[in-house]
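S.K.: This one is start-v6.csv, CSV, C-alpha atoms.
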```
chain,number,residue,atom,x,y,z
K,1,MET,CA,-118.5,-47.5,142.2
K,2,GLU,CA,-121.3,-47.3,139.7
K,3,LYS,CA,-121.5,-51.0,138.9
K,4,VAL,CA,-120.3,-54.0,140.9
K,5,ARG,CA,-118.6,-56.6,138.8
K,6,VAL,CA,-119.3,-60.1,140.2
K,7,GLY,CA,-117.6,-63.4,139.6
K,8,MET,CA,-119.7,-66.4,140.4
K,9,ILE,CA,-118.2,-69.7,141.7
K,10,GLY,CA,-121.0,-72.3,141.4
K,11,ALA,CA,-123.8,-72.8,138.9
K,12,GLY,CA,-125.9,-75.3,140.8
K,13,GLY,CA,-129.5,-75.4,141.8
K,14,MET,CA,-129.4,-73.0,144.7
K,15,ALA,CA,-127.4,-70.4,142.8
K,16,ASN,CA,-129.7,-70.6,139.8
K,17,ALA,CA,-132.9,-70.6,141.9
K,18,VAL,CA,-132.2,-67.4,143.8
K,19,HIS,CA,-128.8,-65.7,143.3
K,20,TYR,CA,-128.5,-65.4,139.5
K,21,PRO,CA,-132.0,-64.1,139.0
K,22,SER,CA,-131.6,-61.6,141.9
K,23,LEU,CA,-128.3,-60.2,140.5
K,24,ALA,CA,-129.5,-60.2,136.9
K,25,GLU,CA,-132.3,-57.8,137.9
K,26,MET,CA,-129.9,-55.2,139.3
K,27,GLU,CA,-128.8,-52.5,136.9
K,28,ASP,CA,-125.7,-51.7,139.0
K,29,VAL,CA,-124.5,-55.3,138.9
K,30,GLU,CA,-122.6,-57.1,136.1
K,31,ILE,CA,-122.2,-60.9,136.3
K,32,ALA,CA,-118.7,-60.7,134.8
K,33,ALA,CA,-117.8,-64.4,134.8
K,34,ILE,CA,-119.0,-67.8,136.0
K,35,CYS,CA,-117.0,-70.8,137.2
K,36,ASP,CA,-118.2,-74.4,137.7
K,37,ILE,CA,-116.4,-77.7,137.3
K,38,ASN,CA,-119.6,-79.1,135.7
K,39,GLU,CA,-119.3,-77.8,132.1
K,40,GLU,CA,-122.9,-78.6,131.2
K,41,ARG,CA,-124.2,-76.7,134.2
K,42,LEU,CA,-121.7,-73.9,133.5
K,43,HIS,CA,-122.7,-73.3,129.9
K,44,THR,CA,-126.4,-73.6,130.6
K,45,THR,CA,-126.2,-70.9,133.2
K,46,ALA,CA,-123.9,-68.7,131.3
K,47,ASP,CA,-126.1,-68.9,128.2
K,48,LYS,CA,-129.2,-68.1,130.2
K,49,TYR,CA,-127.6,-64.9,131.6
K,50,ASN,CA,-125.6,-64.0,128.6
K,51,VAL,CA,-122.2,-64.3,130.4
K,52,GLU,CA,-119.4,-64.7,128.0
K,53,ARG,CA,-116.5,-65.5,130.3
K,54,ARG,CA,-116.7,-69.1,131.5
K,55,TYR,CA,-114.2,-71.0,133.6
K,56,THR,CA,-113.7,-74.3,135.3
K,57,ASP,CA,-110.8,-72.9,137.4
K,58,TYR,CA,-111.8,-70.2,139.9
K,59,ARG,CA,-108.2,-69.0,140.4
K,60,LYS,CA,-107.9,-68.3,136.7
K,61,MET,CA,-111.3,-66.6,136.7
K,62,VAL,CA,-110.4,-64.2,139.5
K,63,ALA,CA,-106.9,-63.5,138.0
K,64,GLU,CA,-108.2,-62.8,134.5
K,65,VAL,CA,-111.5,-61.1,135.3
K,66,ASP,CA,-110.5,-59.2,138.4
K,67,PRO,CA,-114.1,-58.9,139.8
K,68,ASP,CA,-115.0,-56.6,142.6
K,69,ALA,CA,-116.8,-59.4,144.5
K,70,VAL,CA,-117.0,-63.1,144.3
K,71,TYR,CA,-120.0,-65.3,145.1
K,72,VAL,CA,-118.9,-68.8,146.4
K,73,ILE,CA,-122.1,-70.9,146.3
K,74,MET,CA,-120.8,-74.3,147.3
K,75,PRO,CA,-121.7,-77.0,149.9
K,76,PRO,CA,-120.3,-76.0,153.3
K,77,HIS,CA,-117.6,-78.7,153.4
K,78,HIS,CA,-116.2,-77.4,150.1
K,79,LEU,CA,-116.2,-73.7,151.0
K,80,PHE,CA,-113.2,-73.1,153.2
K,81,ASP,CA,-110.2,-73.4,150.9
K,82,ILE,CA,-111.9,-71.5,148.1
K,83,VAL,CA,-113.1,-68.6,150.4
K,84,ILE,CA,-109.7,-68.2,152.1
K,85,TRP,CA,-108.0,-68.0,148.7
K,86,VAL,CA,-110.4,-65.5,147.3
K,87,LEU,CA,-110.1,-63.3,150.4
K,88,GLU,CA,-106.4,-63.4,150.1
K,89,GLN,CA,-106.8,-61.9,146.7
K,90,LYS,CA,-108.6,-59.0,148.5
K,91,LYS,CA,-112.0,-59.7,146.9
K,92,HIS,CA,-115.3,-59.2,148.7
K,93,VAL,CA,-117.1,-62.4,149.3
K,94,PHE,CA,-120.7,-63.7,149.5
K,95,ILE,CA,-121.4,-67.3,150.6
K,96,GLU,CA,-124.5,-69.3,151.4
K,97,LYS,CA,-125.2,-70.6,154.9
K,98,PRO,CA,-123.7,-72.3,156.8
K,99,PRO,CA,-120.4,-70.4,156.9
K,100,GLY,CA,-118.3,-73.6,156.9
K,101,VAL,CA,-118.7,-76.7,159.0
K,102,SER,CA,-117.5,-75.3,162.3
K,103,LYS,CA,-117.1,-72.2,164.4
K,104,LEU,CA,-113.4,-72.4,163.9
K,105,GLN,CA,-113.7,-72.2,160.1
K,106,THR,CA,-116.1,-69.2,160.4
K,107,ILE,CA,-113.6,-67.4,162.7
K,108,SER,CA,-110.7,-68.1,160.4
K,109,MET,CA,-112.7,-66.8,157.4
K,110,ALA,CA,-113.7,-63.7,159.4
K,111,ARG,CA,-110.1,-63.0,160.5
K,112,THR,CA,-108.8,-63.4,156.9
K,113,ALA,CA,-111.5,-61.0,155.6
K,114,GLU,CA,-110.6,-58.4,158.3
K,115,ARG,CA,-106.8,-58.8,157.5
K,116,ASN,CA,-107.4,-58.2,153.8
K,117,GLY,CA,-110.0,-55.4,154.1
K,118,CYS,CA,-112.8,-57.5,152.6
K,119,ILE,CA,-116.6,-57.1,152.9
K,120,THR,CA,-118.2,-60.4,153.5
K,121,MET,CA,-121.8,-61.8,153.9
K,122,VAL,CA,-123.5,-65.0,154.7
K,123,GLY,CA,-126.9,-65.8,153.1
K,124,PHE,CA,-129.1,-65.8,156.1
K,125,ASN,CA,-132.1,-64.8,154.0
K,126,ARG,CA,-134.8,-65.0,156.7
K,127,ARG,CA,-133.6,-61.7,158.1
K,128,PHE,CA,-134.5,-60.2,154.7
K,129,ILE,CA,-137.9,-61.6,154.1
K,130,PRO,CA,-140.0,-58.5,153.6
K,131,LEU,CA,-143.0,-59.9,155.5
K,132,LEU,CA,-140.8,-60.8,158.5
K,133,VAL,CA,-139.0,-57.5,158.5
K,134,ARG,CA,-142.4,-55.6,158.5
K,135,ALA,CA,-143.7,-57.8,161.3
K,136,LYS,CA,-140.7,-57.1,163.4
K,137,GLU,CA,-140.9,-53.4,162.8
K,138,MET,CA,-144.6,-53.4,163.7
K,139,VAL,CA,-144.0,-55.3,167.0
K,140,GLU,CA,-141.2,-52.8,167.9
K,141,THR,CA,-143.6,-49.9,167.7
K,142,HIS,CA,-144.7,-51.1,171.2
K,143,GLY,CA,-141.2,-51.4,172.5
K,144,PRO,CA,-138.3,-53.9,172.4
K,145,VAL,CA,-139.0,-57.6,171.6
K,146,LEU,CA,-139.6,-59.5,174.8
K,147,GLN,CA,-140.0,-63.0,173.4
K,148,ALA,CA,-139.4,-64.7,170.0
K,149,VAL,CA,-140.0,-68.2,168.8
K,150,ALA,CA,-138.4,-69.8,165.8
K,151,THR,CA,-139.8,-73.1,164.6
K,152,PHE,CA,-138.4,-75.2,161.8
K,153,TYR,CA,-139.9,-78.7,161.1
K,154,LYS,CA,-139.2,-81.2,158.4
K,155,ASN,CA,-139.5,-84.9,157.7
K,156,THR,CA,-136.4,-86.7,156.6
K,157,LEU,CA,-137.2,-90.1,158.2
K,158,GLU,CA,-137.0,-91.9,154.8
K,159,ALA,CA,-133.3,-90.9,154.3
K,160,GLN,CA,-131.1,-94.0,154.2
K,161,VAL,CA,-128.0,-91.9,154.9
K,162,HIS,CA,-127.6,-88.6,156.7
K,163,PRO,CA,-129.7,-86.0,154.8
K,164,TYR,CA,-127.0,-83.3,154.5
K,165,TYR,CA,-124.1,-84.3,152.2
K,166,LYS,CA,-124.1,-87.9,153.6
K,167,GLY,CA,-123.1,-86.6,157.0
K,168,ALA,CA,-120.5,-84.0,156.1
K,169,VAL,CA,-122.5,-81.4,158.2
K,170,ASP,CA,-125.0,-82.0,161.0
K,171,ILE,CA,-128.6,-80.9,160.6
K,172,LEU,CA,-128.5,-78.0,163.0
K,173,THR,CA,-125.4,-76.4,161.5
K,174,SER,CA,-126.4,-77.1,157.9
K,175,ASP,CA,-130.1,-76.1,157.9
K,176,GLY,CA,-131.5,-75.6,161.4
K,177,ILE,CA,-129.1,-72.7,161.6
K,178,HIS,CA,-131.7,-70.6,159.7
K,179,ALA,CA,-133.9,-70.7,162.8
K,180,VAL,CA,-131.0,-70.1,165.1
K,181,ASP,CA,-129.8,-67.1,163.2
K,182,THR,CA,-133.3,-65.6,162.9
K,183,LEU,CA,-133.8,-66.0,166.6
K,184,ARG,CA,-130.6,-64.0,167.3
K,185,TRP,CA,-131.8,-61.3,165.0
K,186,LEU,CA,-135.3,-61.1,166.4
K,187,CYS,CA,-134.1,-61.0,170.0
K,188,GLY,CA,-131.0,-58.8,169.7
K,189,GLY,CA,-128.1,-58.7,172.1
K,190,GLU,CA,-125.8,-61.4,173.2
K,191,VAL,CA,-126.5,-64.8,174.7
K,192,VAL,CA,-126.6,-64.6,178.5
K,193,SER,CA,-127.8,-68.2,179.3
K,194,ILE,CA,-129.1,-71.2,177.5
K,195,ALA,CA,-130.8,-74.6,178.2
K,196,SER,CA,-131.2,-77.1,175.4
K,197,ASP,CA,-132.4,-80.6,174.5
K,198,VAL,CA,-130.9,-82.4,171.5
K,199,ARG,CA,-132.6,-85.6,170.4
K,200,SER,CA,-132.4,-88.5,167.9
K,201,PHE,CA,-135.9,-89.7,166.8
K,202,SER,CA,-135.8,-92.9,164.8
K,203,THR,CA,-132.5,-92.1,163.2
K,204,ALA,CA,-128.8,-92.8,163.8
K,205,TRP,CA,-128.1,-89.0,163.9
K,206,GLU,CA,-129.4,-86.1,166.0
K,207,ASN,CA,-132.4,-84.6,164.2
K,208,ALA,CA,-134.3,-82.5,166.8
K,209,PHE,CA,-133.0,-79.4,168.6
K,210,PHE,CA,-134.8,-77.4,171.3
K,211,ALA,CA,-133.5,-74.4,173.2
K,212,LEU,CA,-134.5,-71.7,175.6
K,213,VAL,CA,-132.1,-68.7,175.3
K,214,ARG,CA,-131.9,-65.5,177.3
K,215,PHE,CA,-130.4,-62.5,175.5
K,216,SER,CA,-128.7,-59.4,177.0
K,217,SER,CA,-131.5,-57.3,175.4
K,218,GLY,CA,-133.9,-58.8,177.9
K,219,ALA,CA,-135.6,-61.0,175.3
K,220,THR,CA,-136.1,-64.7,175.7
K,221,GLY,CA,-135.8,-66.8,172.5
K,222,VAL,CA,-137.3,-70.3,172.0
K,223,LEU,CA,-135.9,-72.6,169.3
K,224,LEU,CA,-138.1,-75.6,168.2
K,225,THR,CA,-136.7,-77.7,165.4
K,226,ASN,CA,-137.4,-81.3,164.5
K,227,TRP,CA,-136.7,-83.2,161.3
K,228,ALA,CA,-138.8,-86.2,162.3
K,229,VAL,CA,-142.3,-84.7,162.1
K,230,GLY,CA,-145.1,-84.3,159.6
K,231,LYS,CA,-143.8,-81.9,157.0
K,232,ARG,CA,-141.8,-78.7,156.4
K,233,VAL,CA,-143.2,-75.9,158.6
K,234,HIS,CA,-141.1,-72.8,159.2
K,235,THR,CA,-142.7,-70.1,161.4
K,236,PHE,CA,-141.8,-67.3,163.8
K,237,GLU,CA,-143.5,-65.5,166.7
K,238,ILE,CA,-142.5,-62.0,167.8
K,239,HIS,CA,-143.9,-60.5,171.0
K,240,SER,CA,-143.7,-57.1,172.8
K,241,LEU,CA,-145.9,-55.4,175.3
K,242,GLY,CA,-149.5,-55.7,174.1
K,243,ILE,CA,-148.6,-56.9,170.6
K,244,SER,CA,-147.8,-60.3,168.9
K,245,ALA,CA,-146.9,-61.2,165.4
K,246,PHE,CA,-147.3,-64.8,164.0
K,247,VAL,CA,-145.4,-65.1,160.8
K,248,ASP,CA,-145.2,-67.8,158.1
K,249,GLY,CA,-142.6,-66.7,155.7
K,250,ASN,CA,-144.2,-68.7,152.9
K,251,ALA,CA,-147.7,-67.4,153.4
K,252,LYS,CA,-148.8,-64.6,155.7
K,253,ALA,CA,-148.3,-62.7,159.0
K,254,MET,CA,-151.0,-62.0,161.6
K,255,ILE,CA,-150.7,-59.1,164.1
K,256,TYR,CA,-152.7,-59.0,167.3
K,257,GLU,CA,-152.8,-56.0,169.7
K,258,ASP,CA,-154.2,-55.0,173.1
K,259,ASN,CA,-156.2,-58.1,173.8
K,260,ARG,CA,-158.5,-57.6,170.7
K,261,GLU,CA,-160.0,-60.8,169.3
K,262,ASP,CA,-159.5,-60.0,165.7
K,263,PRO,CA,-156.1,-59.3,164.2
K,264,THR,CA,-155.0,-55.7,163.7
K,265,ALA,CA,-153.4,-56.8,160.4
K,266,VAL,CA,-153.2,-59.8,158.1
K,267,TRP,CA,-150.4,-59.5,155.5
K,268,ASP,CA,-149.8,-61.7,152.5
K,269,VAL,CA,-146.2,-62.6,151.9
K,270,LYS,CA,-146.4,-61.9,148.1
K,271,GLU,CA,-148.3,-58.7,148.5
K,272,VAL,CA,-145.7,-57.3,151.0
K,273,ALA,CA,-142.9,-58.2,148.7
K,274,GLY,CA,-144.7,-56.9,145.6
K,275,SER,CA,-143.9,-60.1,143.8
K,276,ASP,CA,-144.8,-63.8,143.5
K,277,GLU,CA,-141.3,-64.8,142.6
K,278,PHE,CA,-139.9,-67.0,145.4
K,279,TYR,CA,-136.5,-65.4,145.4
K,280,ARG,CA,-138.1,-62.0,146.0
K,281,PHE,CA,-140.8,-62.8,148.6
K,282,TYR,CA,-138.5,-65.1,150.6
K,283,GLY,CA,-135.7,-62.5,151.0
K,284,PHE,CA,-133.0,-63.7,148.6
K,285,TYR,CA,-133.2,-60.6,146.3
K,286,HIS,CA,-133.1,-58.3,149.3
K,287,GLU,CA,-130.0,-60.1,150.9
K,288,ASN,CA,-128.2,-59.8,147.5
K,289,ARG,CA,-129.3,-56.1,147.3
K,290,HIS,CA,-127.9,-55.6,150.8
K,291,PHE,CA,-124.5,-57.1,149.9
K,292,VAL,CA,-124.2,-55.1,146.7
K,293,ASP,CA,-125.1,-51.9,148.5
K,294,CYS,CA,-122.5,-52.6,151.2
K,295,VAL,CA,-119.8,-53.3,148.6
K,296,LYS,CA,-120.6,-50.0,146.9
K,297,GLU,CA,-120.7,-48.0,150.2
K,298,GLY,CA,-117.8,-49.8,151.9
K,299,ARG,CA,-119.8,-50.9,155.0
K,300,GLU,CA,-120.2,-54.2,156.8
K,301,PRO,CA,-123.3,-56.3,156.0
K,302,THR,CA,-125.5,-57.3,158.9
K,303,THR,CA,-124.7,-60.9,158.3
K,304,SER,CA,-121.0,-60.5,157.8
K,305,PHE,CA,-118.6,-63.4,158.6
K,306,ARG,CA,-117.9,-61.6,161.9
K,307,ASP,CA,-121.6,-61.7,162.8
K,308,ALA,CA,-121.9,-65.2,161.6
K,309,VAL,CA,-119.4,-66.3,164.1
K,310,LYS,CA,-122.0,-65.5,166.8
K,311,THR,CA,-124.6,-67.7,165.1
K,312,MET,CA,-122.1,-70.6,164.9
K,313,GLU,CA,-121.3,-70.0,168.6
K,314,LEU,CA,-125.0,-70.3,169.5
K,315,VAL,CA,-125.2,-73.6,167.5
K,316,GLU,CA,-122.2,-74.9,169.5
K,317,MET,CA,-123.9,-73.7,172.7
K,318,ILE,CA,-127.0,-75.6,171.9
K,319,TYR,CA,-125.0,-78.8,171.7
K,320,LYS,CA,-123.0,-78.1,174.9
K,321,ALA,CA,-126.0,-77.0,177.0
K,322,GLN,CA,-127.9,-80.3,176.6
K,323,MET,CA,-130.0,-81.3,179.7
```
Would it be possible to restate this file's structure as structure tokens?
M.R.:
Amino acid sequence: MEKVRVGMIGAGGMANAVHYPSLAEMEDVEIAAICDINEERLHTTADKYNVERRYTDYRKMVAEVDPDAVYVIMPPHHLFDIVIWVLEQKKHVFIEKPPGVSKLQTISMARTAERNGCITMVGFNRRFIPLLVRAKEMVETHGPVLQAVATFYKNTLEAQVHPYYKGAVDILTSDGIHAVDTLRWLCGGEVVSIASDVRSFSTAWENAFFALVRFSSGATGVLLTNWAVGKRVHTFEIHSLGISAFVDGNAKAMIYEDNREDPTAVWDVKEVAGSDEFYRFYGFYHENRHFVDCVKEGREPTTSFRDAVKTMELVEMIYKAQM
């Protein structure tokens, strides 16, 4: 397959911010058609990327265009029926996180994909941030990861209704899942045991999630998320014998080794990515590149629907393991 022909379902803010510009830069990708029920948004996006074929009915788009892969960039509570239908047409599928609103939906999508021989991927972009990838590789030169910390803080206290689709999806599943999935990736292995604390701070809904997770790899993962604090802060720690990495995916990473006072390395996120474009330095281009390569080579992406089931299982465990 020299060129992957992609059909896009969704022309909203997220798709336009990171997925369209990423795919448009790839010479081996053709955005063959775009579908959106909002015609103004549809035509604005199609005009920007010189896409001739435009639809408001995704079934018609898939039938007429016959793309190799379909991006379904929709809110999580709108995903399921569309994704299942596209998979039943035997099309490879990329979706944004979270992969539905429940573990059951994710399992059902994964099984449908397997039954139809489809390559699938969920947009857990933190795994693809060049800065974080480099930091993880550096730590692992000393041995396996022993401990990792994923923090994700926000302030949504002024929200009069639930901040995620008016309550269609809970905070941990909808957004905190980024930290959950990254913790799985950093630590490796399967969950062996977990203790958690889930809280509601000044809201009618749960908005803080803390967990201590032991993995079969031997690593311990710490999750610290709270949507009732000062501002958005999203950072990671990765530790092995004699080495530690402290990573802010929006700014820089600092590496410390062997008890030395000064850092071994300080890396700037944009310098590592070789770009000051957000979709490049924050991993979105690289996740899209990974999906396209997997489609071309017929292999399973690292964040396939099958793997995403495990992240959704860990989200469920955090709720069930409350102290």
S.K.: Using all atoms listed in the file, which residues sit within 9 Å of region 245-247 of chain K once same-chain residues fewer than 6 positions away are excluded, as a VMD selection string?
M.R.: chain K and resid 131 to 132 135 to 136 138 to 139 234 to 239 253 to 257
S.K.: Which residue gives the smallest distance to Tyr282 (chain K) among K:Asn16, K:Asn125, K:Thr141, K:Ser102, with all atoms listed in the file counted?
M.R.: K:Asn125
S.K.: Can you work out the spacing between CA of Met109 (chain K) and CA of Asp307 (chain K) in Å, to one decimal?
M.R.: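 According to the coordinates, CA of Met109 (chain K) and CA of Asp307 (chain K) are separated by 11.6 Å.
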S.K.: Mind checking which residues fall within 10 Å of Trp85 (chain K), counting only C-alpha atoms, ignoring those fewer than 3 positions away in the same chain, and posting them as a PyMOL selection string?
M.R.: chain K and resi 58-59+80-82+88-91+109+112
S.K.: Closest to Trp205 (chain K) among K:Asp268, K:Asp28, K:Glu261, K:Asp170, using only C-alpha atoms?
M.R.: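 Counting only C-alpha atoms, the residue closest to Trp205 (chain K) is K:Asp170.
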S.K.: List as a VMD selection string the residues having at least one atom at most 9 Å from position (-134.3, -72.3, 175.0) as given in the file, counting only C-alpha atoms.
M.R.: chain K and resid 193 to 197 210 to 214 220 to 224 318
S.K.: Using all atoms listed in the file, which residue out of K:His77, K:Arg299, K:Arg126, K:Arg306 lies closest to Arg111 (chain K)?
M.R.: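 Checking each of K:His77, K:Arg299, K:Arg126, K:Arg306 against Arg111 (chain K), counting all atoms listed in the file, the winner is K:Arg306.
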S.K.: Please indicate the distance in Å from CA of Val70 (chain K) to CA of Val6 (chain K), rounded to one decimal place.
M.R.: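 According to the coordinates, CA of Val70 (chain K) and CA of Val6 (chain K) are separated by 5.6 Å.
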S.K.: Could you tell me, as a count of residues only, which residues have any atom at most 6 Å from (-135.8, -59.8, 149.0), counting all atoms listed in the file?
M.R.: 8
S.K.: Which residues are near Val93 (chain K)? Cut-off 9 Å, all atoms listed in the file, ignore same chain within fewer than 6 positions. Put them as a list in words.
M.R.: Ala69, Val70, Tyr71, Val72, Val83, Val86, Leu87, Ala113, Cys118, Ile119, Thr120, Met121 and Val122 of chain K
S.K.: What is the distance, in Å and to one decimal place, between CA of Arg260 (chain K) and CA of Ser244 (chain K)?
M.R.: 11.2 Å
S.K.: Which residue out of K:Asn155, K:Phe201, K:Glu300, K:Val133 has the minimum interatomic distance to Val272 (chain K) when only C-alpha atoms are used?
M.R.: K:Val133
S.K.: Between K:Pro130, K:Gly123, K:Gly242, K:Gly249, which is the closest to Thr303 (chain K) once you count all atoms listed in the file?
M.R.: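 Ranked by minimum distance to Thr303 (chain K), first place goes to K:Gly123.
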S.K.: Skipping near chain neighbours, those fewer than 4 positions away, what residues fall within 12 Å of Pro99 (chain K) using all atoms listed in the file, listed as a PyMOL selection string?
M.R.: chain K and resi 72-80+83-84+93-95+103-110+120-124+169+173-175+177-178+181+303-313
S.K.: Of the candidates K:Ile171, K:Leu42, K:Leu23, K:Val18, which one gets nearest to Val292 (chain K) if we count all atoms listed in the file?
M.R.: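 Closest to Val292 (chain K), using all atoms listed in the file: K:Leu23.
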